[in-house]
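Here the structure comes first, spelled out in structure tokens, and everything after it is commentary.
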Amino acid sequence: MNPILLTVPNTGTHFAQSILEQRFDRHYFGETIRNDRHYWFSHAEQRKCAEARRLIENGAGPLILTMRNPIDNIRSRWKRGYKLDADWELFWRNLFLIAEDFDHFWLPIDTEDRDEYLDMLSEALDFPFKTDWEPRGVYTPNGREREIEDDGLTMDEALDYLSQFPFEQFGYDLWQPQHSQPYITDA
């Protein structure tokens, strides 16, 4: 069994890796895996999703997708100095497209029922994953917020774009942000 982890940046990437690495070693797409102690990882880039599709069709899996309140994803990106651009939009589109096409496990990091999602993943991978739900990989380059010349999309434009995706299945209301669990940080 070789799980595949796909994420949108700033939705719990490092967090999901820390969970999977209790049982598996990380590999990046393009590397050859010779045993069942490894998982593949990538952000949901177009070519990486195409590779994930090929791997799943050849027996790899299960597919694991991270999720975070999209408003917190936006704030985290801005705080780190990243703009909301076409790449950011494609990450979200690719994540939901691959979720439509293949069986998968969501791993939301900030919902009230996140323990249930982790339990389902533990059962599927036959390993008792544990976590304290503390953030992982929270940082700002050089300890400072980065300056960016073009902010890209505004918050309203970003939420308008994201409204095409079914975030309500996680209890997120894009226009009434509510934080139910303490994975919310300033980063």
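We label chains A, B, ... in the order they appear in the structure tokens, count residues from 1 in each chain, and number ligands from 1 in the order shown.
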
What are the nearest atom pairs, with distances in Å to one decimal, for all residues of range 15-52 of chain A that come at most 9 Å from range 95-117 of chain A, using only C-alpha atoms, set out by chain and rising residue number as CSV?
residue,atom,partner,partner_atom,distance
A:Phe15,CA,A:Ile109,CA,8.1
A:Ala16,CA,A:Leu107,CA,7.5
A:His43,CA,A:Leu95,CA,9.0
A:Ala44,CA,A:Leu95,CA,5.9
A:Glu45,CA,A:Leu95,CA,8.7
A:Cys49,CA,A:Ile98,CA,7.3
A:Ala52,CA,A:Ile98,CA,8.8

Mind writing the picked residues with C-alpha atoms as a PDB file, in the first residue's frame?
ATOM      1  CA  PHE A  15       0.684  18.449   9.353  1.00  0.00           C
ATOM      2  CA  ALA A  16      -0.522  15.634   7.071  1.00  0.00           C
ATOM      3  CA  HIS A  43       0.957  19.923  -3.990  1.00  0.00           C
ATOM      4  CA  ALA A  44      -1.963  19.593  -6.408  1.00  0.00           C
ATOM      5  CA  GLU A  45      -0.109  20.866  -9.459  1.00  0.00           C
ATOM      6  CA  CYS A  49      -2.182  15.271 -10.404  1.00  0.00           C
ATOM      7  CA  ALA A  52      -1.215  10.684  -9.253  1.00  0.00           C
TER       8      ALA A  52
END

Pull the strand (DSSP E or B) assignments for chain A out of DSSP run on the backbone, and list those residues as a PyMOL selection string.
-> chain A and resi 2+4-7+25-28+38-43+61+63-67+84+104-108+152

Write out as number ranges by chain which residues come within 12 Å of Pro128 in chain A when counting only C-alpha atoms, dropping same-chain ones fewer than 6 positions away.
-> A: 19-20, 22-23, 115, 118-122

Which of A:Asn69, A:Gln46, A:Ser163, A:Asn58 sits closest to Gly12 in chain A [using only C-alpha atoms] | A:Asn69

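The environment of Leu153 in chain A within 6 Å, counting only C-alpha atoms and disregarding residues fewer than 4 places along the same chain, consists of A:Leu84, A:Glu157, A:Ala158.
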